[in-house]
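Structure record follows, encoded as structure tokens.
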Amino acid sequence: MPTIRRPLLLAVLALLLSLTTALPATAAGGRAPARIPLPDGFQPEGIAIDHGTFYVGGFATGAIFAGPVRNAQGSVLVPAQEGAAALGLTVWHGLLFAAGGPTGRGSVYAARSGELLASYQLAASGQGFVNDVVVTGRTAWFTDSANPVLYRVPLGRDGSLPPAGRVTTLPLSGDLAFQTGEGVAGINTNGIVAARGGRVLVIVQTNTGKLFTVDPGSGVTREIDLGGEDVLHGDGLLLRDRTLYVVQNLDNQVAKVELAGDLATGRVVERITDPDLDFPTTIAASGRSLYVVNARFTTPATPDTAYWVARLDGR
């Protein structure tokens, strides 16, 4: 083995050290940054992560910001539009679905280019609040926080999108009882996820803190018994196996709920808090990390207001 002179060895070590400290967190430590910074004034609400790419929707403009999770560097994928909104998001086979909140619309974009592929008027503008979306099987399901219904958008085997005439409304019945009121008191059905391979849907009612299963064939809802606990102010949902994460927006926390196999009962095993949470709304996962959007609704929204997505590890 050749002998390496000490001065040369020290120089090589110094060079390697300088390169290592210059690398981003994902390269040096194998971990993504603790925050995904969003543009000032963005007013985010929804998030989806697909194959290492994050997508964050803007509540006030319909803009969608996207980029790789590994370095948390993004750019505008869908530009801001007057009168638009992008709340709950989900990605399916290269399609990016966005719930349009007070616009009553559900929109579908090409996940890579941001091109608008379809827009469906699910509820009359101002008469509904299309809050979240999930795709299961070949159906996209949208919730409406103001009306006891789900909107069903059927998808073709090849991922083709239907004409507006094929979109239907599924009335919700059973245990779910809608509430009325101003502000948060009037926000009912919110986040939605699919369980059992899409044979069952799970929704949260924000103003009562109750969870429900939904039969996607009949619309019949059944309350999930949490043993006297609740997830009041529940917003976005994330389901991993039988673990359901519920963002509790006004409480600045995420409830971790272990569901029974039959989905009839659940147990709140943890309330996750973090100083980096500031009125969180929606949640997504990448690897073992959770990513939570901070909508900061209690902070005045200005063009200079800072917004970010917080990473919660090991959950």
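If you're wondering about the labels, chains in the structure tokens are A, B, ... by order shown, residues count from 1 in each chain, ligands from 1 in order shown.
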
Exercise for review: Any chance you could list, as a PyMOL selection string, the residues in stretch 110-233 of chain A that come up helix (DSSP H, G or I) when DSSP is run on the backbone?
Suggested key: chain A and resi 164-166+183-186+196-198

Each stretch 35-63 of chain A residue no farther than 12 Å from stretch 189-209 of chain A, nearest pair in Å, only C-alpha atoms, as a Markdown table:
| residue | atom | partner | partner_atom | distance |
| --- | --- | --- | --- | --- |
| A:Glu45 | CA | A:Gly191 | CA | 11.9 |
| A:Gly46 | CA | A:Gly191 | CA | 10.3 |
| A:Ile47 | CA | A:Gly191 | CA | 11.8 |

Take the residues from that selection and write them out as a PDB file, in the first residue's frame, keeping C-alpha atoms.
ATOM      1  CA  GLU A  45     -54.362  24.688   3.285  1.00  0.00           C
ATOM      2  CA  GLY A  46     -53.949  21.277   1.597  1.00  0.00           C
ATOM      3  CA  ILE A  47     -51.036  18.893   1.064  1.00  0.00           C
TER       4      ILE A  47
END

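Excluding stretch 77-82 of chain A itself and same-chain residues fewer than 6 positions from it, the residues having an atom within 9 Å of it are Tyr55, Gly57, Gly58, Ala60, Thr61, Gly62, Ala63, Ile64, Phe65, Ala66, Gly67, Tyr109, Ala111, Arg112, Ser113, Gly114, Glu115 and Leu116 of chain A, counting only C-alpha atoms.
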
Residues of stretch 143-216 of chain A in strand (DSSP E or B) according to DSSP, as a short mmCIF file (atom, residue, chain, number, x, y, z; two decimals) with C-alpha atoms, in the first residue's frame?
data_model
loop_
_atom_site.label_atom_id
_atom_site.label_comp_id
_atom_site.auth_asym_id
_atom_site.auth_seq_id
_atom_site.Cartn_x
_atom_site.Cartn_y
_atom_site.Cartn_z
CA THR A 143 -66.46 16.11 0.91
CA ASP A 144 -68.71 19.13 1.45
CA VAL A 149 -73.24 14.64 0.83
CA LEU A 150 -70.19 13.25 -0.93
CA TYR A 151 -69.50 13.96 -4.59
CA ARG A 152 -68.55 10.97 -6.74
CA VAL A 153 -66.34 11.47 -9.81
CA PRO A 154 -65.90 8.13 -11.68
CA THR A 168 -73.11 12.21 -9.01
CA THR A 169 -74.01 13.18 -5.44
CA LEU A 170 -74.20 10.62 -2.62
CA PRO A 171 -76.45 11.74 0.28
CA SER A 173 -77.40 9.16 6.22
CA GLY A 174 -77.12 7.15 9.44
CA THR A 189 -67.64 16.90 7.13
CA ASN A 190 -63.99 17.71 6.46
CA GLY A 191 -61.11 15.25 5.90
CA ILE A 192 -61.63 11.91 4.16
CA VAL A 193 -59.56 8.73 3.68
CA ALA A 194 -60.23 5.27 2.29
CA ALA A 195 -59.97 2.04 4.30
CA VAL A 200 -65.10 1.87 3.38
CA LEU A 201 -64.50 5.61 3.66
CA VAL A 202 -63.62 7.41 6.90
CA ILE A 203 -64.56 11.05 7.51
CA VAL A 204 -64.21 13.53 10.39
CA GLN A 205 -66.82 16.06 11.52
CA LYS A 210 -66.57 12.68 15.73
CA LEU A 211 -65.24 10.13 13.26
CA PHE A 212 -67.50 8.12 10.95
CA THR A 213 -67.26 5.30 8.48
CA VAL A 214 -69.17 5.72 5.22
#

Taking a cut-off of 10 Å and counting only C-alpha atoms, can you build a table that, for each residue of stretch 63-144 of chain A near stretch 236-256 of chain A, reports the nearest atom pair and how far apart they are in Å (one decimal), sorted by chain then residue number, as JSON lines?
{"residue": "A:Leu87", "atom": "CA", "partner": "A:Gly236", "partner_atom": "CA", "distance": 10.0}
{"residue": "A:Gly88", "atom": "CA", "partner": "A:Gly236", "partner_atom": "CA", "distance": 7.7}
{"residue": "A:Asn131", "atom": "CA", "partner": "A:Gly236", "partner_atom": "CA", "distance": 9.3}
{"residue": "A:Asp132", "atom": "CA", "partner": "A:Gly236", "partner_atom": "CA", "distance": 7.8}

Mind dumping a table of every stretch 218-285 of chain A residue within 8 Å of stretch 291-309 of chain A, with the nearest atom pair and its distance in Å to one decimal, using only C-alpha atoms, sorted by chain and rising number, as JSON lines?
{"residue": "A:Leu277", "atom": "CA", "partner": "A:Asn294", "partner_atom": "CA", "distance": 6.3}
{"residue": "A:Asp278", "atom": "CA", "partner": "A:Asn294", "partner_atom": "CA", "distance": 5.3}
{"residue": "A:Phe279", "atom": "CA", "partner": "A:Arg296", "partner_atom": "CA", "distance": 4.9}
{"residue": "A:Pro280", "atom": "CA", "partner": "A:Asn294", "partner_atom": "CA", "distance": 4.2}
{"residue": "A:Thr281", "atom": "CA", "partner": "A:Val293", "partner_atom": "CA", "distance": 5.8}
{"residue": "A:Thr282", "atom": "CA", "partner": "A:Val293", "partner_atom": "CA", "distance": 5.6}
{"residue": "A:Ile283", "atom": "CA", "partner": "A:Val292", "partner_atom": "CA", "distance": 4.5}
{"residue": "A:Ala284", "atom": "CA", "partner": "A:Tyr291", "partner_atom": "CA", "distance": 5.3}
{"residue": "A:Ala285", "atom": "CA", "partner": "A:Tyr291", "partner_atom": "CA", "distance": 5.8}

Produce a file of the selected residues containing C-alpha atoms, as a compact mmCIF listing (two decimals), in the first residue's frame.
# COMPACT_ATOMS: atom_id res chain seq x y z
CA LEU A 277 -47.38 23.86 14.46
CA ASP A 278 -49.42 27.01 13.89
CA PHE A 279 -53.06 26.30 13.04
CA PRO A 280 -52.28 23.08 11.12
CA THR A 281 -54.88 21.91 8.61
CA THR A 282 -53.80 18.90 6.54
CA ILE A 283 -51.27 16.09 6.70
CA ALA A 284 -49.30 13.74 4.44
CA ALA A 285 -46.46 11.25 4.90

Exercise for review: Within 10 Å of A:Phe129, counting only C-alpha atoms, which residues show up once you throw out same-chain ones fewer than 4 positions away? Write them as a PyMOL selection string, please.
Suggested key: chain A and resi 99-105+122-125+143-147+187-190

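For A:Gly227, the residues within 9 Å (counting only C-alpha atoms, excluding itself and residues fewer than 6 positions away along the chain) are Thr265, Gly266, Arg267 and Val268 of chain A.
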